[in-house]
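**Student:** Have a peek at my_file10.cif (mmCIF, C-alpha atoms).
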data_query
#
loop_
_atom_site.label_atom_id
_atom_site.label_comp_id
_atom_site.auth_asym_id
_atom_site.auth_seq_id
_atom_site.Cartn_x
_atom_site.Cartn_y
_atom_site.Cartn_z
CA MET A 1 0.00 0.00 0.00
CA ASN A 2 1.04 3.58 -0.71
CA GLN A 3 2.72 4.92 2.43
CA LEU A 4 0.57 7.97 3.13
CA GLN A 5 2.13 10.88 4.96
CA VAL A 6 -0.80 12.27 6.93
CA LEU A 7 -0.20 15.90 7.97
CA PHE A 8 -3.50 16.64 9.70
CA GLU A 9 -6.57 14.62 10.58
CA ASP A 10 -9.72 15.07 12.63
CA ASN A 11 -13.33 13.89 12.26
CA HIS A 12 -13.99 16.21 9.31
CA ILE A 13 -10.76 16.71 7.35
CA ILE A 14 -7.64 14.80 6.38
CA ALA A 15 -4.60 16.44 4.77
CA VAL A 16 -1.84 14.37 3.17
CA ASN A 17 1.55 15.17 1.66
CA LYS A 18 1.30 14.10 -1.98
CA ARG A 19 4.35 12.62 -3.65
CA PRO A 20 5.17 13.91 -7.15
CA SER A 21 4.15 10.61 -8.77
CA ASP A 22 0.66 10.44 -7.22
CA ILE A 23 -2.52 11.50 -9.00
CA VAL A 24 -5.21 13.08 -6.83
CA GLN A 25 -8.19 11.68 -8.74
CA GLY A 26 -8.52 8.89 -11.31
CA ASP A 27 -7.61 9.71 -14.91
CA LYS A 28 -7.02 7.99 -18.23
CA THR A 29 -3.79 6.37 -16.98
CA GLY A 30 -5.84 4.04 -14.79
CA ASP A 31 -3.31 4.54 -11.95
CA THR A 32 -4.71 4.32 -8.42
CA PRO A 33 -5.56 7.84 -7.25
CA LEU A 34 -4.54 9.34 -3.92
CA SER A 35 -8.21 9.52 -2.88
CA ASP A 36 -8.37 5.70 -2.98
CA PHE A 37 -5.27 5.37 -0.79
CA VAL A 38 -6.82 7.80 1.72
CA LYS A 39 -10.02 5.71 1.79
CA GLN A 40 -7.97 2.56 2.38
CA TYR A 41 -6.00 4.26 5.18
CA ILE A 42 -9.21 5.31 6.97
CA LYS A 43 -10.81 1.91 6.47
CA GLU A 44 -7.81 0.17 8.03
CA LYS A 45 -7.11 2.69 10.79
CA TYR A 46 -10.68 2.75 12.09
CA ASN A 47 -11.62 -0.78 11.03
CA LYS A 48 -14.56 0.58 9.05
CA PRO A 49 -16.86 -1.86 7.27
CA GLY A 50 -18.33 -0.91 3.89
CA GLU A 51 -17.61 2.14 1.78
CA VAL A 52 -15.59 5.03 3.25
CA PHE A 53 -16.61 8.60 2.33
CA ILE A 54 -13.80 10.80 1.04
CA GLY A 55 -14.49 14.06 -0.77
CA THR A 56 -11.80 15.55 -3.02
CA VAL A 57 -11.75 19.28 -2.37
CA HIS A 58 -8.97 20.39 -4.76
CA ARG A 59 -6.22 18.95 -6.93
CA ILE A 60 -2.58 19.62 -7.62
CA ASP A 61 -0.79 18.54 -10.81
CA ARG A 62 0.73 15.07 -10.92
CA PRO A 63 4.41 16.19 -11.01
CA VAL A 64 3.82 18.58 -8.09
CA SER A 65 4.22 17.54 -4.44
CA GLY A 66 2.64 18.82 -1.24
CA ILE A 67 -0.58 19.30 0.67
CA VAL A 68 -3.86 17.91 -0.58
CA LEU A 69 -6.99 18.34 1.54
CA PHE A 70 -9.79 15.78 1.61
CA ALA A 71 -13.13 15.94 3.40
CA LYS A 72 -14.21 13.03 5.60
CA THR A 73 -17.86 14.13 5.76
CA SER A 74 -20.27 15.58 3.21
CA LYS A 75 -20.80 18.60 5.49
CA ALA A 76 -17.07 19.39 5.51
CA LEU A 77 -16.87 18.82 1.73
CA ALA A 78 -19.64 21.32 1.00
CA ARG A 79 -18.09 23.93 3.30
CA LEU A 80 -14.52 23.45 2.03
CA ASN A 81 -15.72 23.70 -1.58
CA GLN A 82 -17.42 26.96 -0.70
CA MET A 83 -14.28 28.23 1.06
CA PHE A 84 -12.13 27.51 -2.00
CA GLN A 85 -14.61 29.39 -4.19
CA THR A 86 -14.66 32.40 -1.87
CA LYS A 87 -10.85 32.32 -1.50
CA GLU A 88 -10.95 31.73 2.25
CA ILE A 89 -8.20 29.12 1.96
CA GLN A 90 -4.69 30.54 1.60
CA LYS A 91 -2.21 28.30 -0.18
CA THR A 92 1.53 28.87 -0.22
CA TYR A 93 3.85 27.07 -2.64
CA TRP A 94 7.60 26.70 -2.90
CA ALA A 95 9.12 26.73 -6.37
CA VAL A 96 12.76 26.12 -7.31
CA VAL A 97 13.83 28.06 -10.41
CA LYS A 98 17.15 28.40 -12.23
CA ASN A 99 16.96 32.08 -13.11
CA LYS A 100 16.90 34.71 -10.40
CA PRO A 101 13.87 37.00 -10.77
CA LYS A 102 14.62 40.65 -11.57
CA ASN A 103 12.69 41.74 -8.48
CA ILE A 104 12.99 40.00 -5.11
CA LYS A 105 9.22 40.37 -4.61
CA GLY A 106 6.52 40.69 -7.20
CA HIS A 107 2.83 40.61 -8.02
CA LEU A 108 2.09 38.94 -11.36
CA ILE A 109 -1.12 39.36 -13.35
CA HIS A 110 -1.62 37.43 -16.58
CA TYR A 111 -4.55 36.19 -18.64
CA LEU A 112 -4.33 32.43 -19.09
CA LYS A 113 -5.88 30.49 -21.91
CA LYS A 114 -5.98 26.69 -21.68
CA ASN A 115 -5.17 24.51 -24.68
CA GLU A 116 -7.10 21.31 -23.98
CA ALA A 117 -5.39 19.30 -26.74
CA LYS A 118 -1.90 20.00 -25.40
CA ASN A 119 -2.95 20.21 -21.71
CA MET A 120 -1.10 23.51 -21.45
CA SER A 121 -1.95 27.10 -20.63
CA LYS A 122 -0.63 30.17 -22.39
CA ALA A 123 -0.14 33.49 -20.59
CA TYR A 124 -1.07 36.83 -22.13
CA GLU A 125 -0.14 40.24 -20.74
CA LYS A 126 -3.48 41.79 -21.73
CA GLU A 127 -7.08 40.62 -21.62
CA THR A 128 -7.66 38.09 -24.40
CA GLN A 129 -10.81 36.35 -25.52
CA GLY A 130 -11.24 33.06 -23.65
CA ALA A 131 -8.41 33.83 -21.22
CA LEU A 132 -8.91 34.01 -17.44
CA ARG A 133 -7.32 36.62 -15.18
CA SER A 134 -4.61 34.98 -13.05
CA GLU A 135 -2.85 36.57 -10.13
CA LEU A 136 -0.08 35.57 -7.74
CA GLU A 137 2.54 37.04 -5.43
CA TYR A 138 6.06 35.70 -5.15
CA GLU A 139 9.10 36.36 -3.01
CA LEU A 140 12.67 35.12 -3.38
CA ILE A 141 13.44 33.47 -0.05
CA SER A 142 16.70 31.59 -0.65
CA SER A 143 19.43 31.00 -3.23
CA SER A 144 21.99 28.24 -3.74
CA ASP A 145 24.89 28.25 -6.22
CA ASN A 146 22.66 27.36 -9.18
CA TYR A 147 19.03 27.68 -8.10
CA HIS A 148 16.62 30.01 -6.34
CA LEU A 149 13.71 29.26 -4.02
CA LEU A 150 10.56 31.32 -4.48
CA GLU A 151 7.61 31.42 -2.10
CA VAL A 152 4.45 31.80 -4.15
CA LYS A 153 0.94 32.75 -3.05
CA PRO A 154 -1.65 32.32 -5.80
CA HIS A 155 -4.76 34.52 -5.58
CA THR A 156 -6.57 32.56 -8.29
CA GLY A 157 -6.64 28.85 -9.07
CA ARG A 158 -6.09 28.53 -12.81
CA HIS A 159 -4.81 25.56 -14.82
CA HIS A 160 -0.99 25.30 -14.41
CA GLN A 161 -1.06 28.88 -13.11
CA ILE A 162 2.15 29.01 -11.08
CA ARG A 163 4.07 27.06 -13.71
CA VAL A 164 3.09 29.29 -16.63
CA GLN A 165 3.24 32.61 -14.75
CA LEU A 166 6.74 32.00 -13.37
CA SER A 167 7.88 30.82 -16.80
CA SER A 168 6.43 34.00 -18.33
CA MET A 169 8.65 36.11 -16.09
CA GLY A 170 11.70 34.11 -17.23
CA CYS A 171 11.84 31.73 -14.26
CA PRO A 172 10.67 28.27 -15.37
CA ILE A 173 10.45 25.71 -12.56
CA LYS A 174 13.21 23.09 -12.35
CA GLY A 175 12.22 19.97 -14.28
CA ASP A 176 9.22 21.60 -15.99
CA LEU A 177 9.93 20.88 -19.67
CA LYS A 178 6.38 21.84 -20.60
CA TYR A 179 6.99 25.44 -19.55
CA GLY A 180 10.53 26.07 -20.65
CA PHE A 181 12.99 24.32 -18.33
CA ASP A 182 15.81 22.73 -20.33
CA ARG A 183 15.71 19.20 -18.88
CA SER A 184 13.38 16.98 -16.93
CA ASN A 185 13.91 15.59 -13.43
CA LYS A 186 14.79 11.89 -13.36
CA ASP A 187 11.59 10.99 -11.48
CA ALA A 188 9.37 13.12 -13.77
CA SER A 189 8.64 15.50 -10.89
CA ILE A 190 8.95 19.27 -11.06
CA HIS A 191 10.30 21.38 -8.20
CA LEU A 192 6.96 22.85 -7.20
CA HIS A 193 5.62 22.02 -3.75
CA ALA A 194 2.34 22.93 -2.00
CA ARG A 195 4.04 24.02 1.23
CA LYS A 196 1.33 25.54 3.44
CA VAL A 197 -2.43 25.77 3.74
CA GLU A 198 -4.18 28.18 6.13
CA PHE A 199 -7.92 28.38 6.79
CA ILE A 200 -10.61 28.56 9.45
CA HIS A 201 -11.89 25.05 10.19
CA PRO A 202 -15.26 24.65 8.43
CA VAL A 203 -16.90 22.99 11.45
CA LYS A 204 -14.87 23.90 14.55
CA LYS A 205 -14.26 27.50 13.39
CA GLU A 206 -10.68 27.41 14.66
CA PRO A 207 -7.60 28.52 12.67
CA VAL A 208 -5.77 25.66 10.95
CA LEU A 209 -2.22 25.88 9.59
CA ILE A 210 -0.80 22.83 7.83
CA THR A 211 2.81 22.66 6.59
CA ALA A 212 4.26 19.92 4.39
CA PRO A 213 7.94 18.98 4.19
CA PRO A 214 9.19 18.88 0.58
CA PRO A 215 10.31 15.57 -0.96
CA ASN A 216 13.47 13.99 0.46
CA GLU A 217 15.72 15.03 -2.43
CA VAL A 218 19.12 16.75 -2.56
CA LEU A 219 18.04 20.20 -3.76
CA TRP A 220 14.89 20.36 -1.65
CA ASN A 221 16.91 19.25 1.39
CA GLU A 222 19.47 21.98 0.75
CA PHE A 223 16.78 24.67 0.65
CA VAL A 224 15.02 23.33 3.76
CA LYS A 225 18.37 23.50 5.59
CA ARG A 226 19.00 27.03 4.35
CA THR A 227 15.56 28.32 5.35
CA GLU A 228 15.66 26.61 8.75
CA SER A 229 19.07 28.14 9.51
CA GLY A 230 17.67 31.55 8.62
CA GLU A 231 19.87 31.84 5.54
CA ARG A 232 17.68 33.92 3.28
CA ARG A 233 18.39 34.97 -0.30
#
So, in terms of C-alpha cells, how does the structure I just supplied come out?
**Tutor:**
Amino acid sequence: MNQLQVLFEDNHIIAVNKRPSDIVQGDKTGDTPLSDFVKQYIKEKYNKPGEVFIGTVHRIDRPVSGIVLFAKTSKALARLNQMFQTKEIQKTYWAVVKNKPKNIKGHLIHYLKKNEAKNMSKAYEKETQGALRSELEYELISSSDNYHLLEVKPHTGRHHQIRVQLSSMGCPIKGDLKYGFDRSNKDASIHLHARKVEFIHPVKKEPVLITAPPPNEVLWNEFVKRTESGERR
C-alpha cells in the first residue's frame, strides 16, 4: 500500500503530503488515485466496514508535491468547496527556479488560456478572448549556487497557473519541460511544492495551519536547511 504521509486529521478533514508521482483523482492512466489510498487508510485505521466517504476538495498537478486536503464528511466537503470558491483558503507554494527573478518580490497578473489538446496554458499580458485573469505574489526566499527558491501565493486557481506565470517572467520551474525548463527531473517531478495551507476550520471554526515537508531530495533538502538556519536569499 502507498505509504501515506498524513499531515492533519480530525473527524472532518484529512490532509496528506502528496508525492510527485501520485494523482489526486482517477484519470485515463488508470493509476490508483490518492483519494483511494486515503479511503484505504481510513478503512484500516478505524476498522470501518463498507464504503468510506472521502471528498476531493482540490487537486494539484501530478508532477507537483505537497498538501492535498480531503473531506471526511459531506458537510465538511460542502463547506470546504465553498471556502475555496470564496478564497478563504490561503495556499503557499515553494518553487525552485534556475533564473533569479529581476525583483525580489513581485505581483504577477496574466490572462491564461488553456489549450485542452496539449494540456497547457498560455499566458497573455493583456485581456484576451477566452483567457482568465490569473494573479499571484512571489518572493525570493533563498538561493543556492545554481538555483533560487521562491515562495508563491496564488490569488486565483487557474490551470498550471504558477508554472506558466513564473515561466512568463523568465523563471521556469526546475524539471518543468512543458513550460521552458531545459531538462526533466529523473523521477518526472517538477520542483513545485504545495508548502502551506491556512484556513478557518469549516466545522470547529478554529484557525488551521498545515505545513508539508518537501520531498526527500538533494536540492529540496538543501533549501530546507537554508531556510531553517535563517539563511535567506
**Student:** May I have the residues within 12 Å of segment 117-119 of chain A as a PDB file with C-alpha atoms, in the frame of the given file, using all atoms listed in the file and disregarding those fewer than 4 positions away in the same chain?
**Tutor:**
ATOM      1  CA  ASP A  61      -0.790  18.540 -10.810  1.00  0.00           C
ATOM      2  CA  LYS A 113      -5.880  30.490 -21.910  1.00  0.00           C
ATOM      3  CA  HIS A 159      -4.810  25.560 -14.820  1.00  0.00           C
ATOM      4  CA  HIS A 160      -0.990  25.300 -14.410  1.00  0.00           C
ATOM      5  CA  LYS A 178       6.380  21.840 -20.600  1.00  0.00           C
ATOM      6  CA  TYR A 179       6.990  25.440 -19.550  1.00  0.00           C
TER       7      TYR A 179
END
**Student:** Got a sec to resolve the PyMOL selection byres ((chain A and resi 195-211) around 10) on this structure and send the residues as a PyMOL selection string?
**Tutor:** chain A and resi 7-8+11-13+15-17+65-69+75-80+82-84+87-95+151-153+192-194+212-214
**Student:** Tell me which of A:Gln161, A:Gln85, A:Asn115, A:Thr227 sits closest to Glu137 of chain A, counting all atoms listed in the file.
**Tutor:**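 Ranked by minimum distance to Glu137 of chain A, first place goes to A:Gln161.
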**Student:** I'd like the residues picked by the PyMOL selection byres ((chain A and resi 142) around 10) written out as a PyMOL selection string, using the chain letters and numbers from the file.
**Tutor:** chain A and resi 96+139-141+143-144+147-151+223-224+226-227+230-233
**Student:** What does the distance between atom CA of Gly26 of chain A and atom CA of Leu4 of chain A come to in Å, to one decimal place?
**Tutor:**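 Result for atom CA of Gly26 of chain A versus atom CA of Leu4 of chain A: 17.1 Å, one decimal.
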**Student:** For Gln40 of chain A, list every protein, DNA or RNA residue within 10 Å, evaluated using only C-alpha atoms, and leave out those in the same chain fewer than 4 positions away; present the list as a PyMOL selection string.
**Tutor:** chain A and resi 1-2+34-36+44-45+47-48+51-52
**Student:** One decimal, Å: what's the distance from atom CA of Val164 of chain A over to atom CA of Lys114 of chain A, could you say?
**Tutor:** 10.7 Å
**Student:** What is the distance, in Å and to one decimal place, between atom CA of Ile190 of chain A and atom CA of Ile173 of chain A?
**Tutor:**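 Computing the Euclidean distance for atom CA of Ile190 of chain A and atom CA of Ile173 of chain A yields 6.8 Å.
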**Student:** Ranking A:Leu166, A:Ile42, A:Val97, A:Ile14 by minimum distance to Val57 of chain A and counting only C-alpha atoms, which one comes first?
**Tutor:**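 Smallest distance to Val57 of chain A is found for A:Ile14.
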**Student:** Translate the PyMOL selection byres ((chain A and resi 134) around 8), as applied to the file shown, into an explicit residue set as a CSV table (one decimal) with C-alpha atoms, in the frame of the given file.
**Tutor:**
chain,number,residue,atom,x,y,z
A,108,LEU,CA,2.1,38.9,-11.4
A,109,ILE,CA,-1.1,39.4,-13.4
A,110,HIS,CA,-1.6,37.4,-16.6
A,111,TYR,CA,-4.6,36.2,-18.6
A,112,LEU,CA,-4.3,32.4,-19.1
A,132,LEU,CA,-8.9,34.0,-17.4
A,133,ARG,CA,-7.3,36.6,-15.2
A,135,GLU,CA,-2.8,36.6,-10.1
A,136,LEU,CA,-0.1,35.6,-7.7
A,155,HIS,CA,-4.8,34.5,-5.6
A,156,THR,CA,-6.6,32.6,-8.3
A,157,GLY,CA,-6.6,28.8,-9.1
A,158,ARG,CA,-6.1,28.5,-12.8
A,161,GLN,CA,-1.1,28.9,-13.1
**Student:** Pick from A:Gly180, A:His191, A:Tyr124, A:Arg163: nearest to Val218 of chain A, with all atoms listed in the file counted?
**Tutor:**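 For Val218 of chain A, the nearest of the candidates is A:His191.
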**Student:** Considering only C-alpha atoms, can you say which of A:Thr128, A:Gln25, A:Asn146, A:Ser184 comes closest to Ile60 of chain A?
**Tutor:**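 Selected residue with least distance to Ile60 of chain A: A:Gln25.
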